[in-house]
Amino acid sequence: MKKRLPALLLTGFVIVCVFFFLPRKQIICRLKIDTGLPVEPDLIAVLGGGVLPGGKLGNSTRERLDAVIGYIRESNSQCPILVQEYPAGRRKMVEYLVAHGVDDKKILSSGFRYREERGGTENNIEELFHVLNQKKRIHRIVLVTSPYHQKRVHLMLGEKARRLKNSDIYFYFLQLRDDGEISRCSRWRFWHLVLHETFGIFFQRLKE
């Protein structure tokens, strides 16, 4: 135990240094997937980022919806929008989009039933491929999620597409503003999100 103590202290010191001094931008950049965007996508898929118990949209969810609203205004895109969240959360997200000028006729109803009364990336991926199986003409999909979430989503989509042999599907990531919640939230919340994604990426790579 005495021989291990210095190593444990050193490990703890390194963790503390990383926790307090490593710039967030460097960490986020490792979790982002930078892609260009198609001239005209076939579908915009918005992954839910959670709804608070009182029904208020979580910061991550609202930021993703704001990114969609901005993208539609700038590109004048007419493609359908898939809002991905459990039913009660989805209603809140749709209400937000409509209140900010998005035509409700553009919002796609997938008919997919979530396994539980919650969102979750696994449910989001299953719902997206449920739609792709129904609508064979969708090939170019713009995904909207937070920067820290993109790499894990990218790996999960790739694994699912390979398993289903969907080689003609192309995914693009819409980038959110650099001053989003992930760059401003408390350090504890930041590391909670980052570690959750890091472990998710690790176990996804084990599956591959």
# chains A, B, ... in the order shown; residues from 1 in each chain; ligands from 1
>>> select_by_dssp(residues="region 10-163 of chain A", states="helix (DSSP H, G or I)", output="PyMOL selection string")
chain A and resi 10-21+24-31+59-75+87-99+104-106+121-134+147-163
>>> residues_around(residues="region 149-156 of chain A", least_positions_apart="5", cutoff="6 Å", atoms="only C-alpha atoms", output="ChimeraX atom specification")
/A:31-33,201
>>> residues_around(residues="Ala88 (chain A)", least_positions_apart="4", cutoff="12 Å", atoms="only C-alpha atoms", output="mmCIF file with C-alpha atoms, in the first residue's frame")
data_model
loop_
_atom_site.group_PDB
_atom_site.id
_atom_site.type_symbol
_atom_site.label_atom_id
_atom_site.label_comp_id
_atom_site.auth_asym_id
_atom_site.auth_seq_id
_atom_site.Cartn_x
_atom_site.Cartn_y
_atom_site.Cartn_z
ATOM 1 C CA GLY A 48 -34.107 15.749 -27.789
ATOM 2 C CA GLY A 50 -34.316 16.527 -22.150
ATOM 3 C CA VAL A 51 -37.331 18.288 -20.666
ATOM 4 C CA LEU A 52 -37.390 19.436 -17.042
ATOM 5 C CA PRO A 53 -39.970 17.941 -14.620
ATOM 6 C CA GLY A 54 -42.162 21.060 -14.826
ATOM 7 C CA GLY A 55 -42.379 20.725 -18.595
ATOM 8 C CA LYS A 56 -39.823 23.429 -19.348
ATOM 9 C CA LEU A 57 -37.362 22.647 -22.132
ATOM 10 C CA VAL A 83 -38.486 15.885 -33.626
ATOM 11 C CA GLN A 84 -37.104 13.085 -31.469
ATOM 12 C CA LYS A 92 -43.133 20.728 -25.948
ATOM 13 C CA MET A 93 -40.445 20.788 -28.634
ATOM 14 C CA VAL A 94 -42.996 21.013 -31.451
ATOM 15 C CA GLU A 95 -44.820 23.840 -29.651
ATOM 16 C CA TYR A 114 -40.496 4.891 -27.314
ATOM 17 C CA GLU A 116 -40.068 4.182 -21.901
ATOM 18 C CA GLU A 117 -41.389 7.614 -20.961
ATOM 19 C CA ARG A 118 -37.995 9.144 -21.653
ATOM 20 C CA GLY A 119 -35.823 10.029 -24.579
#
>>> select_by_dssp(residues="region 4-202 of chain A", states="strand (DSSP E or B)", output="PyMOL selection string")
chain A and resi 43-47+51+57+81-84+107-108+140-144+170-174
>>> residues_around(residues="Asp178 (chain A)", least_positions_apart="4", cutoff="9 Å", atoms="only C-alpha atoms", output="short mmCIF file (atom, residue, chain, number, x, y, z; two decimals) with C-alpha atoms, in the first residue's frame")
data_model
loop_
_atom_site.label_atom_id
_atom_site.label_comp_id
_atom_site.auth_asym_id
_atom_site.auth_seq_id
_atom_site.Cartn_x
_atom_site.Cartn_y
_atom_site.Cartn_z
CA LYS A 25 -12.90 24.03 -26.16
CA ILE A 182 -21.75 23.40 -22.56
CA SER A 183 -19.27 26.29 -22.57
#
>>> closest_residue(among="A:Arg64, A:Arg30, A:Lys160, A:Arg90", to="Leu174 (chain A)", atoms="only C-alpha atoms")
A:Arg64
